[in-house]
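Peer 1: For reference, this is input_19.tsv, and it has TSV, C-alpha atoms.
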```
chain	number	residue	atom	x	y	z
V	8	MET	CA	91.27	192.04	182.78
V	9	MET	CA	91.74	195.77	183.33
V	10	LYS	CA	94.87	196.71	185.17
V	11	LYS	CA	94.72	198.67	188.41
V	12	GLN	CA	95.63	202.31	187.81
V	13	TYR	CA	97.40	204.49	190.36
V	14	ARG	CA	97.54	208.26	189.96
V	15	VAL	CA	100.65	209.92	191.34
V	16	GLY	CA	101.05	213.44	192.65
V	17	ILE	CA	104.65	214.66	192.74
V	18	LEU	CA	105.56	217.41	195.19
V	19	GLY	CA	108.60	219.32	193.93
V	20	PHE	CA	110.21	218.92	190.54
V	21	GLY	CA	113.92	219.47	190.88
V	22	PHE	CA	116.50	216.84	190.02
V	23	MET	CA	114.85	214.09	192.09
V	24	GLY	CA	111.36	214.91	190.85
V	25	LYS	CA	112.63	214.34	187.33
V	26	ALA	CA	114.31	211.05	188.35
V	27	HIS	CA	111.09	209.74	189.91
V	28	THR	CA	109.05	210.83	186.90
V	29	PHE	CA	111.41	208.82	184.69
V	30	GLY	CA	110.68	205.80	186.88
V	31	TYR	CA	106.91	206.12	186.65
V	32	GLN	CA	107.02	206.66	182.89
V	33	THR	CA	109.33	203.74	182.11
V	34	MET	CA	108.34	201.11	184.69
V	35	GLN	CA	106.10	199.20	182.29
V	36	LEU	CA	109.04	198.79	179.90
V	37	TYR	CA	111.39	197.36	182.51
V	38	TYR	CA	108.90	194.93	184.11
V	39	ASP	CA	106.79	192.62	181.98
V	40	GLY	CA	103.15	191.95	182.74
V	41	LEU	CA	102.66	194.28	185.68
V	42	PRO	CA	99.10	194.14	187.05
V	43	PHE	CA	99.09	197.91	187.60
V	44	LEU	CA	99.66	201.11	185.63
V	45	MET	CA	101.17	204.33	186.94
V	46	LYS	CA	99.67	207.63	185.81
V	47	LEU	CA	101.11	211.12	186.38
V	48	GLY	CA	98.16	212.79	188.05
V	49	ALA	CA	99.57	216.11	189.23
V	50	VAL	CA	102.74	218.05	189.96
V	51	CYS	CA	103.33	220.76	192.55
V	52	THR	CA	105.81	223.51	191.75
V	53	ARG	CA	106.02	227.15	192.85
V	54	ASP	CA	106.72	228.38	189.32
V	55	GLU	CA	103.49	228.55	187.28
V	56	GLU	CA	105.31	228.71	183.95
V	57	LYS	CA	107.38	225.66	184.89
V	58	GLY	CA	104.26	223.81	186.04
V	59	ARG	CA	102.50	224.44	182.74
V	60	ALA	CA	105.55	223.21	180.82
V	61	LEU	CA	105.77	220.05	182.95
V	62	MET	CA	102.12	219.28	182.33
V	63	GLU	CA	102.61	219.62	178.57
V	64	GLU	CA	105.95	217.81	178.35
V	65	PHE	CA	105.35	214.90	180.73
V	66	GLY	CA	101.59	214.48	180.65
V	67	PHE	CA	100.64	215.44	184.21
V	68	GLY	CA	96.90	215.80	184.69
V	69	TYR	CA	97.35	219.25	186.24
V	70	TYR	CA	99.86	221.46	188.03
V	71	THR	CA	99.50	223.63	191.11
V	72	ALA	CA	101.56	225.59	193.61
V	73	ASP	CA	99.36	224.28	196.45
V	74	GLU	CA	100.46	220.86	197.74
V	75	ASP	CA	97.25	220.58	199.78
V	76	ARG	CA	95.22	220.48	196.57
V	77	ILE	CA	97.13	217.39	195.41
V	78	ILE	CA	97.27	215.65	198.80
V	79	ASN	CA	93.52	216.07	199.35
V	80	ASP	CA	92.54	215.18	195.79
V	81	PRO	CA	90.52	211.91	195.99
V	82	ALA	CA	91.68	211.02	192.47
V	83	ILE	CA	95.35	210.94	193.59
V	84	ASP	CA	96.44	207.63	195.14
V	85	ILE	CA	100.16	208.17	195.74
V	86	ILE	CA	102.09	211.21	196.91
V	87	ASP	CA	105.76	211.38	195.90
V	88	ILE	CA	107.68	213.84	198.09
V	89	CYS	CA	110.69	215.41	196.33
V	90	THR	CA	110.77	218.75	198.14
V	91	PRO	CA	113.68	220.07	200.29
V	92	ASN	CA	114.23	218.19	203.55
V	93	SER	CA	112.54	220.79	205.76
V	94	MET	CA	109.24	220.31	203.92
V	95	HIS	CA	109.00	216.53	204.33
V	96	LYS	CA	107.47	216.38	207.80
V	97	ASP	CA	104.41	218.54	207.12
V	98	ALA	CA	103.73	216.81	203.81
V	99	LEU	CA	104.05	213.37	205.42
V	100	ILE	CA	101.60	214.25	208.17
V	101	LYS	CA	99.12	215.63	205.63
V	102	CYS	CA	99.44	212.43	203.59
V	103	ILE	CA	98.90	210.28	206.67
V	104	LYS	CA	95.77	212.27	207.54
V	105	ALA	CA	94.50	211.97	203.94
V	106	GLY	CA	95.21	208.24	203.79
V	107	LYS	CA	97.64	208.41	200.86
V	108	HIS	CA	100.42	206.01	199.94
V	109	VAL	CA	103.73	207.89	200.22
V	110	TYR	CA	107.13	207.68	198.53
V	111	CYS	CA	109.42	210.11	200.36
V	112	GLU	CA	112.94	211.20	199.50
V	113	LYS	CA	115.65	210.92	202.13
V	114	PRO	CA	116.38	212.05	204.73
V	115	MET	CA	112.83	211.42	205.84
V	116	VAL	CA	112.78	214.39	208.24
V	117	LEU	CA	115.11	216.84	209.98
V	118	SER	CA	115.01	215.49	213.55
V	119	MET	CA	113.77	212.79	215.90
V	120	GLU	CA	111.27	215.32	217.22
V	121	GLU	CA	109.72	215.35	213.75
V	122	VAL	CA	109.78	211.54	213.73
V	123	GLY	CA	107.70	211.67	216.92
V	124	GLU	CA	105.14	213.93	215.23
V	125	ILE	CA	104.86	211.53	212.29
V	126	ARG	CA	104.41	208.50	214.53
V	127	ALA	CA	101.76	210.33	216.55
V	128	ALA	CA	99.89	211.14	213.33
V	129	MET	CA	100.09	207.52	212.17
V	130	GLU	CA	98.55	206.40	215.45
V	131	GLU	CA	95.90	209.12	215.55
V	132	TYR	CA	94.69	208.49	211.99
V	133	HIS	CA	95.20	204.69	212.06
V	134	TYR	CA	97.48	204.89	209.05
V	135	ASP	CA	97.64	201.58	207.16
V	136	LYS	CA	98.86	202.60	203.71
V	137	THR	CA	102.26	201.94	202.12
V	138	ALA	CA	104.95	204.47	203.00
V	139	GLN	CA	108.50	204.04	201.70
V	140	VAL	CA	111.69	206.08	202.10
V	141	VAL	CA	113.92	206.43	199.01
V	142	PHE	CA	117.11	204.59	199.91
V	143	HIS	CA	117.48	203.37	196.35
V	144	ASN	CA	121.04	202.06	196.72
V	145	ARG	CA	119.52	198.93	198.25
V	146	TYR	CA	118.06	198.13	194.84
V	147	PHE	CA	120.95	197.74	192.45
V	148	PRO	CA	121.68	194.12	191.44
V	149	THR	CA	125.09	194.41	193.12
V	150	SER	CA	123.48	195.36	196.45
V	151	LEU	CA	120.81	192.67	196.11
V	152	ARG	CA	123.42	190.00	195.35
V	153	ALA	CA	125.67	191.17	198.19
V	154	LYS	CA	122.77	190.82	200.62
V	155	GLU	CA	122.03	187.32	199.29
V	156	LEU	CA	125.63	186.25	199.88
V	157	ILE	CA	125.66	187.67	203.41
V	158	ASP	CA	122.27	186.14	204.27
V	159	GLU	CA	123.43	182.77	202.91
V	160	GLY	CA	126.36	182.85	205.33
V	161	ARG	CA	128.97	183.02	202.56
V	162	ILE	CA	130.83	185.84	204.35
V	163	GLY	CA	130.53	184.23	207.77
V	164	LYS	CA	130.71	186.41	210.86
V	165	VAL	CA	131.39	190.00	209.84
V	166	PHE	CA	134.62	191.30	211.39
V	167	SER	CA	135.02	194.73	209.82
V	168	PHE	CA	133.85	197.03	207.05
V	169	ARG	CA	134.65	200.31	205.38
V	170	ALA	CA	132.32	202.36	203.26
V	171	ALA	CA	132.29	205.80	201.66
V	172	TYR	CA	130.04	208.03	199.62
V	173	LEU	CA	132.25	210.57	197.87
V	174	HIS	CA	131.34	213.60	195.76
V	175	PRO	CA	133.23	216.75	194.72
V	176	GLY	CA	130.23	219.12	194.63
V	177	SER	CA	131.31	221.38	197.51
V	178	SER	CA	135.05	221.36	196.84
V	179	VAL	CA	135.00	224.88	195.32
V	180	GLY	CA	134.60	227.58	197.93
V	181	SER	CA	133.03	230.04	195.50
V	182	ARG	CA	130.00	227.80	195.01
V	183	PRO	CA	126.89	229.70	196.23
V	184	ALA	CA	125.09	228.54	199.37
V	185	THR	CA	122.02	226.81	197.91
V	186	TRP	CA	119.29	225.43	200.20
V	187	ARG	CA	121.49	222.39	200.85
V	188	PHE	CA	123.86	224.64	202.84
V	189	LEU	CA	121.11	226.09	205.04
V	190	PRO	CA	120.53	224.16	208.30
V	191	GLU	CA	116.89	225.26	208.51
V	192	MET	CA	116.32	223.61	205.12
V	193	THR	CA	118.61	220.60	205.19
V	194	GLY	CA	119.23	219.83	208.88
V	195	MET	CA	122.81	218.67	208.48
V	196	GLY	CA	124.62	218.88	205.19
V	197	THR	CA	126.57	215.95	203.77
V	198	LEU	CA	125.80	213.69	206.76
V	199	PHE	CA	122.06	213.91	206.11
V	200	ASP	CA	122.47	213.76	202.33
V	201	ALA	CA	125.11	211.24	201.26
V	202	GLY	CA	125.57	209.89	204.79
V	203	SER	CA	121.97	208.70	205.05
V	204	HIS	CA	122.43	206.55	201.93
V	205	VAL	CA	125.58	204.78	203.02
V	206	LEU	CA	124.40	204.30	206.63
V	207	ASP	CA	121.19	202.69	205.39
V	208	LEU	CA	122.93	200.50	202.81
V	209	LEU	CA	125.37	199.07	205.36
V	210	VAL	CA	122.73	198.28	207.99
V	211	SER	CA	120.53	196.73	205.29
V	212	LEU	CA	123.32	194.53	203.90
V	213	LEU	CA	124.73	193.43	207.23
V	214	GLY	CA	121.42	192.84	209.00
V	215	GLN	CA	123.01	194.34	212.11
V	216	GLU	CA	122.13	197.56	213.89
V	217	TYR	CA	124.79	200.05	214.93
V	218	ASP	CA	125.93	199.98	218.56
V	219	SER	CA	127.99	203.17	218.87
V	220	VAL	CA	129.71	205.86	216.84
V	221	LEU	CA	132.74	208.15	217.04
V	222	ALA	CA	132.51	210.92	214.44
V	223	ALA	CA	134.33	214.01	213.21
V	224	SER	CA	132.80	216.59	210.90
V	225	GLN	CA	134.58	219.01	208.58
V	226	ILE	CA	133.49	222.40	207.29
V	227	GLU	CA	136.17	223.30	204.78
V	228	PHE	CA	134.54	226.56	203.67
V	229	PRO	CA	132.91	228.31	206.67
V	230	ARG	CA	131.72	231.18	204.45
V	231	ARG	CA	130.22	231.04	200.98
V	232	PRO	CA	128.50	233.48	198.61
V	233	SER	CA	124.75	233.78	199.13
V	234	MET	CA	122.40	232.39	196.50
V	235	ASP	CA	122.03	235.82	194.89
V	236	GLY	CA	125.80	236.40	195.05
V	237	LYS	CA	125.38	239.74	196.81
V	238	SER	CA	126.84	238.80	200.19
V	239	MET	CA	128.73	236.14	202.11
V	240	VAL	CA	126.93	233.77	204.50
V	241	ASP	CA	128.17	231.62	207.38
V	242	ILE	CA	128.12	227.86	206.73
V	243	THR	CA	127.35	225.61	209.70
V	244	VAL	CA	126.51	222.31	207.95
V	245	ASP	CA	129.23	219.78	207.21
V	246	ASP	CA	131.14	219.36	203.96
V	247	ALA	CA	132.23	215.91	205.18
V	248	THR	CA	131.73	213.59	208.14
V	249	TYR	CA	133.95	210.66	209.10
V	250	MET	CA	132.63	207.90	211.37
V	251	ILE	CA	133.98	204.89	213.21
V	252	MET	CA	131.02	202.57	213.76
V	253	ARG	CA	130.66	199.57	216.06
V	254	LEU	CA	127.90	197.06	215.27
V	255	LYS	CA	125.80	195.14	217.79
V	256	ASN	CA	127.75	191.96	216.94
V	257	GLY	CA	131.07	193.64	217.79
V	258	ALA	CA	132.25	194.33	214.22
V	259	VAL	CA	133.96	197.68	213.73
V	260	GLY	CA	134.23	199.75	210.57
V	261	THR	CA	134.50	203.20	209.06
V	262	ILE	CA	131.97	205.22	207.10
V	263	GLU	CA	132.87	208.42	205.28
V	264	CYS	CA	130.58	210.84	203.50
V	265	SER	CA	132.13	213.77	201.69
V	266	LYS	CA	131.26	216.44	199.17
V	267	ILE	CA	134.81	217.77	199.07
V	268	ALA	CA	136.30	214.59	197.59
V	269	THR	CA	138.17	216.10	194.66
V	270	GLY	CA	138.79	213.56	191.93
V	271	THR	CA	135.57	211.61	192.49
V	272	SER	CA	132.28	211.91	190.65
V	273	ASP	CA	129.43	210.33	192.62
V	274	GLU	CA	131.15	207.35	194.16
V	275	LEU	CA	129.62	204.92	196.67
V	276	ARG	CA	131.83	202.04	197.73
V	277	PHE	CA	132.06	199.41	200.42
V	278	GLU	CA	134.25	196.55	201.62
V	279	ILE	CA	133.04	193.91	204.07
V	280	HIS	CA	135.37	191.36	205.71
V	281	GLY	CA	134.17	188.22	207.47
V	282	SER	CA	135.30	184.83	208.78
V	283	LYS	CA	134.49	183.03	205.51
V	284	GLY	CA	134.93	185.71	202.87
V	285	ALA	CA	134.76	189.32	201.81
V	286	LEU	CA	132.84	191.63	199.49
V	287	SER	CA	133.91	194.76	197.63
V	288	TYR	CA	131.94	197.21	195.46
V	289	ASN	CA	132.44	200.59	193.81
V	290	SER	CA	129.58	202.37	192.05
V	291	MET	CA	132.01	203.62	189.40
V	292	SER	CA	132.10	199.96	188.25
V	293	PRO	CA	128.39	199.36	188.76
V	294	ASN	CA	128.11	196.07	186.87
V	295	TYR	CA	130.34	194.03	189.16
V	296	LEU	CA	130.36	192.86	192.75
V	297	ARG	CA	133.70	191.45	193.93
V	298	PHE	CA	133.59	188.36	196.19
V	299	TYR	CA	136.44	186.63	198.01
V	300	ASP	CA	135.70	183.07	199.12
V	301	ALA	CA	138.09	182.17	201.95
V	302	THR	CA	136.78	178.60	202.07
V	303	THR	CA	138.46	177.67	198.76
V	304	PRO	CA	141.89	175.96	198.83
V	305	ASP	CA	144.72	178.14	200.13
V	306	SER	CA	147.20	179.09	197.41
V	307	PHE	CA	150.09	178.97	199.92
V	308	ARG	CA	149.52	175.22	200.33
V	309	SER	CA	148.90	174.35	196.71
V	310	LEU	CA	150.45	176.19	193.76
V	311	GLY	CA	147.69	177.29	191.42
V	312	ALA	CA	144.87	176.91	193.96
V	313	ASP	CA	141.56	178.69	193.46
V	314	ARG	CA	141.54	181.28	196.24
V	315	GLY	CA	141.25	184.89	195.05
V	316	TRP	CA	138.85	187.70	194.25
V	317	GLN	CA	135.99	186.84	191.88
V	318	GLU	CA	134.03	189.42	189.88
V	319	ILE	CA	130.33	188.58	189.84
V	320	GLU	CA	128.53	189.86	186.73
V	321	CYS	CA	125.47	191.44	188.34
V	322	VAL	CA	124.83	193.86	185.44
V	323	GLN	CA	120.98	193.95	185.16
V	324	HIS	CA	120.13	190.58	186.69
V	325	PHE	CA	116.91	191.56	188.41
V	326	LYS	CA	114.48	188.83	189.43
V	327	ALA	CA	111.23	188.48	187.45
V	328	PRO	CA	109.32	190.42	186.34
V	329	GLY	CA	112.49	192.51	185.88
V	330	GLY	CA	115.57	191.52	183.93
V	331	GLY	CA	113.93	191.21	180.54
V	332	PHE	CA	114.45	194.72	179.22
V	333	PRO	CA	117.11	195.74	178.67
V	334	HIS	CA	118.72	192.31	178.44
V	335	ALA	CA	119.99	191.08	181.82
V	336	ARG	CA	123.57	191.27	180.51
V	337	SER	CA	123.25	194.93	179.52
V	338	SER	CA	125.39	197.50	181.32
V	339	ILE	CA	123.54	199.25	184.16
V	340	GLY	CA	123.28	202.94	185.01
V	341	TRP	CA	122.45	205.18	187.98
V	342	LEU	CA	118.76	205.59	187.15
V	343	ARG	CA	118.13	201.84	187.14
V	344	GLY	CA	118.43	201.62	190.93
V	345	HIS	CA	115.84	204.37	191.26
V	346	VAL	CA	113.46	202.58	188.90
V	347	HIS	CA	113.75	199.31	190.82
V	348	SER	CA	113.25	201.07	194.15
V	349	LEU	CA	110.12	202.66	192.72
V	350	TYR	CA	108.93	199.31	191.33
V	351	VAL	CA	109.32	197.72	194.78
V	352	PHE	CA	107.25	200.55	196.26
V	353	CYS	CA	104.49	200.28	193.65
V	354	ASP	CA	104.41	196.49	193.99
V	355	ASN	CA	104.08	196.92	197.76
V	356	VAL	CA	101.19	199.34	197.22
V	357	TYR	CA	99.44	196.91	194.89
V	358	ASN	CA	99.87	193.97	197.28
V	359	GLY	CA	99.02	195.92	200.43
V	360	ARG	CA	102.46	195.50	201.99
V	361	PRO	CA	104.47	197.99	204.09
V	362	GLY	CA	107.15	200.02	202.36
V	363	CYS	CA	110.75	198.82	202.41
V	364	PRO	CA	112.62	200.86	203.60
V	365	SER	CA	109.74	201.82	205.90
V	366	ILE	CA	108.98	204.87	208.03
V	367	ASP	CA	110.64	203.00	210.91
V	368	ASP	CA	113.75	202.40	208.77
V	369	GLY	CA	113.91	206.09	207.92
V	370	ALA	CA	113.47	206.96	211.60
V	371	TYR	CA	116.30	204.61	212.58
V	372	ILE	CA	118.75	206.22	210.15
V	373	GLN	CA	117.66	209.63	211.46
V	374	HIS	CA	118.52	208.46	214.98
V	375	VAL	CA	121.94	207.15	213.89
V	376	MET	CA	122.75	210.40	212.08
V	377	GLU	CA	121.83	212.48	215.10
V	378	CYS	CA	124.07	210.29	217.29
V	379	ALA	CA	126.90	210.84	214.78
V	380	ALA	CA	126.31	214.59	214.79
V	381	ARG	CA	126.37	214.61	218.60
V	382	SER	CA	129.58	212.59	218.61
V	383	ALA	CA	131.20	215.04	216.20
V	384	ALA	CA	130.14	217.99	218.36
V	385	GLU	CA	131.35	216.41	221.62
V	386	GLY	CA	134.36	214.49	220.32
V	387	LEU	CA	133.23	211.36	222.17
V	388	TRP	CA	131.85	207.90	221.45
V	389	VAL	CA	128.05	207.97	221.48
V	390	LYS	CA	125.97	204.91	222.26
V	391	ILE	CA	123.20	204.31	219.70
V	392	GLU	CA	120.31	203.21	221.88
V	393	ASN	CA	117.30	201.44	220.36
```
Could you render the structure as structure tokens?
Peer 2:
Amino acid sequence: MMKKQYRVGILGFGFMGKAHTFGYQTMQLYYDGLPFLMKLGAVCTRDEEKGRALMEEFGFGYYTADEDRIINDPAIDIIDICTPNSMHKDALIKCIKAGKHVYCEKPMVLSMEEVGEIRAAMEEYHYDKTAQVVFHNRYFPTSLRAKELIDEGRIGKVFSFRAAYLHPGSSVGSRPATWRFLPEMTGMGTLFDAGSHVLDLLVSLLGQEYDSVLAASQIEFPRRPSMDGKSMVDITVDDATYMIMRLKNGAVGTIECSKIATGTSDELRFEIHGSKGALSYNSMSPNYLRFYDATTPDSFRSLGADRGWQEIECVQHFKAPGGGFPHARSSIGWLRGHVHSLYVFCDNVYNGRPGCPSIDDGAYIQHVMECAARSAAEGLWVKIEN
């Protein structure tokens, strides 16, 4: 039986465009017996010379500087949005109008006003395709196993948590102000970038929405060299944001996102404490999830009892059809979470299911981030209304 083929159009080919391309090209190797094939149909890039090179090197059907050509091409089934944040909204609305499946990088948009425009378009054009936001940290085996343990009740009632996404990329003040430092392009800086990932991961793992937030933002370098190095520009987006979060169930925790975390690389970590146990994870040790089972015998009562932290070997234990290549016991890397996120999206497309995380999930994180930004500006707790 012939496999279903999906042709993908990728908008933007920076770092994330390359990461997604890797996923499409290698998916068949990681997952045995898939009933579908992914084909690189087209790529959109402003640089004609770069577009020609991408077509030759990666096998895209064609290249263009006009995203409308790709979005309105009847031969293209899926649009993969890897452009700067400010360009997401218009592309999403065009895809909704054209009836395309969409895989969109985070943050989904720049504001809740843009969310409203997207929802209006979905209603107007009766959009029923698969649309998924790229919160790929949900899709590492460690995250998947942590969610299983929480859903099974092994942690009990969650009391508290702490999480951080730490990076050193903005810790040098002489670094030029790329598009990520421009509010008209990025919305907010580190809060919208790293913060969106960790906010989504926590709400996904805990199965609890946020109730309120108290935040403080930091701009360590209020002026940076312009992109061409010829002048200095004012910086108004955050280098770091620190949040105290209260969940709907009363649990309280902290979330930090920083790009001035000297001494880190690209480090996402969390700790979750509950009535029956605890979980701990650090992406710098990506193969292991640490689990503390508080229901085992107490060592204070019995010398040599079993209570203590356990390291769970998650490595590459994906459920079928994953987990066969590389071997499930093989060490995992950063790209593997992206590949599995992309597999989940493509499998949802094939089976006619909504994306996960969905447009609504992306909108919710946008709402939470805006509440955090307002809290930081006002110095007050902000209620996160539904």
Peer 1: So how many Å separate atom CA of Gly21 of chain V and atom CA of Ala98 of chain V, to one decimal?
Peer 2: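 Atom-to-atom, atom CA of Gly21 of chain V to atom CA of Ala98 of chain V, that is 16.7 Å.
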Peer 1: Here's a test: counting all atoms listed in the file, identify every protein, DNA and RNA residue with an atom at most 12 Å from (121.1, 205.6, 195.9) in the file's coordinate frame, and state them as a short mmCIF file (atom, residue, chain, number, x, y, z; two decimals) with C-alpha atoms, in the frame of the given file.
Peer 2:
```
data_model
loop_
_atom_site.label_atom_id
_atom_site.label_comp_id
_atom_site.auth_asym_id
_atom_site.auth_seq_id
_atom_site.Cartn_x
_atom_site.Cartn_y
_atom_site.Cartn_z
CA MET V 23 114.85 214.09 192.09
CA ALA V 26 114.31 211.05 188.35
CA GLU V 112 112.94 211.20 199.50
CA LYS V 113 115.65 210.92 202.13
CA PRO V 114 116.38 212.05 204.73
CA VAL V 140 111.69 206.08 202.10
CA VAL V 141 113.92 206.43 199.01
CA PHE V 142 117.11 204.59 199.91
CA HIS V 143 117.48 203.37 196.35
CA ASN V 144 121.04 202.06 196.72
CA ARG V 145 119.52 198.93 198.25
CA TYR V 146 118.06 198.13 194.84
CA PHE V 147 120.95 197.74 192.45
CA SER V 150 123.48 195.36 196.45
CA TYR V 172 130.04 208.03 199.62
CA ASP V 200 122.47 213.76 202.33
CA ALA V 201 125.11 211.24 201.26
CA GLY V 202 125.57 209.89 204.79
CA SER V 203 121.97 208.70 205.05
CA HIS V 204 122.43 206.55 201.93
CA VAL V 205 125.58 204.78 203.02
CA LEU V 206 124.40 204.30 206.63
CA ASP V 207 121.19 202.69 205.39
CA LEU V 208 122.93 200.50 202.81
CA ASP V 273 129.43 210.33 192.62
CA GLU V 274 131.15 207.35 194.16
CA LEU V 275 129.62 204.92 196.67
CA ARG V 276 131.83 202.04 197.73
CA SER V 290 129.58 202.37 192.05
CA PRO V 293 128.39 199.36 188.76
CA GLY V 340 123.28 202.94 185.01
CA TRP V 341 122.45 205.18 187.98
CA LEU V 342 118.76 205.59 187.15
CA ARG V 343 118.13 201.84 187.14
CA GLY V 344 118.43 201.62 190.93
CA HIS V 345 115.84 204.37 191.26
CA VAL V 346 113.46 202.58 188.90
CA HIS V 347 113.75 199.31 190.82
CA SER V 348 113.25 201.07 194.15
CA LEU V 349 110.12 202.66 192.72
#
```
Peer 1: Can you pull out the residues contacting Met9 of chain V? Cut-off 12 Å, using only C-alpha atoms, and skip same-chain residues under 6 positions away; I want them as a PDB file with C-alpha atoms, in the frame of the given file.
Peer 2:
```
ATOM      1  CA  LEU V  41     102.660 194.280 185.680  1.00  0.00           C
ATOM      2  CA  PRO V  42      99.100 194.140 187.050  1.00  0.00           C
ATOM      3  CA  PHE V  43      99.090 197.910 187.600  1.00  0.00           C
ATOM      4  CA  LEU V  44      99.660 201.110 185.630  1.00  0.00           C
TER       5      LEU V  44
END
```
Peer 1: Smallest atom-to-atom distance to Asp246 of chain V: which of V:Gly315, V:Pro183, V:Gly30, V:Gly196, using all atoms listed in the file?
Peer 2: V:Gly196
Peer 1: Between V:Thr149, V:Thr248, V:Ser93, V:Thr28, single out the one closest to Phe298 of chain V, counting all atoms listed in the file.
Peer 2: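 Closest residue, counting all atoms listed in the file: V:Thr149.
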Peer 1: Show me, as an MDAnalysis selection string, the residues that have an atom within 10 Å of Met94 of chain V when counting all atoms listed in the file, minus same-chain residues fewer than 5 positions from it.
Peer 2: chainID V and resid 18 88:89 99 115:117 192:193
Peer 1: Return the single residue from V:Glu155, V:Glu191, V:Glu121, V:Asp84 that is closest to Thr137 of chain V, with distances computed using all atoms listed in the file.
Peer 2: V:Asp84
Peer 1: Counting all atoms listed in the file, figure out which residue out of V:Glu377, V:Asp368, V:His108, V:Tyr37 gets nearest to Gln323 of chain V.
Peer 2: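 Nearest to Gln323 of chain V: V:Tyr37.
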Peer 1: I'd like the interatomic distance between atom CA of His334 of chain V and atom CA of His27 of chain V, to a tenth of an Å.
Peer 2: 22.2 Å
Peer 1: Would you mind reading off the distance between atom CA of Ala247 of chain V and atom CA of Leu213 of chain V, one decimal, in Å?
Peer 2: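 So the answer is 23.8 Å.
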Peer 1: Find the residues with any atom within 12 Å of (126.4, 183.3, 204.1); use only C-alpha atoms and the coordinates as given in the file, and write the answer as a PyMOL selection string.
Peer 2: chain V and resi 152-165+212-214+281-286+298+300-302
Peer 1: Let me make sure I understand: among V:Glu392, V:Ile372, V:Pro304, V:Ser337, which one has the smallest atom-to-atom distance to Leu209 of chain V if we use all atoms listed in the file?
Peer 2: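 Among the listed residues, V:Ile372 lies closest to Leu209 of chain V.
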Peer 1: Mind checking which residues fall within 7 Å of segment 63-76 of chain V, counting all atoms listed in the file, ignoring those fewer than 2 positions away in the same chain, and posting them as a PyMOL selection string?
Peer 2: chain V and resi 18+47-53+58-61+78-80
Peer 1: Between V:Ile366, V:Ala170, V:Ala223, V:Val322, which is the closest to Ser287 of chain V once you count all atoms listed in the file?
Peer 2: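 Smallest distance to Ser287 of chain V is found for V:Ala170.
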Peer 1: I'd like the contact shell of Phe228 of chain V - 12 Å cut-off, all atoms listed in the file, skipping same-chain residues fewer than 6 positions apart - returned as a list in words.
Peer 2: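 Skipping anything fewer than 6 positions along the chain leaves Ser177, Ser178, Val179, Gly180, Ser181, Arg182, Pro183, Ala184, Phe188, Met239, Val240, Asp241, Ile242, Thr243, Val244, Asp245, Asp246, Ala247, Lys266 and Ile267 of chain V.
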Peer 1: As JSON, please: the centre and edge lengths in Å, to one decimal, of an axis-aligned box enclosing every listed atom of segment 344-361 of chain V with 6 Å added on each side.
Peer 2:
```
{"center_x": 108.7, "center_y": 199.2, "center_z": 196.5, "size_x": 31.4, "size_y": 22.4, "size_z": 27.2}
```
Peer 1: Show which residues sit within 8 Å of Ile391 of chain V, as a ChimeraX atom specification. Count only C-alpha atoms, and ignore same-chain residues fewer than 4 positions away.
Peer 2: /V:217-220,374-375,378
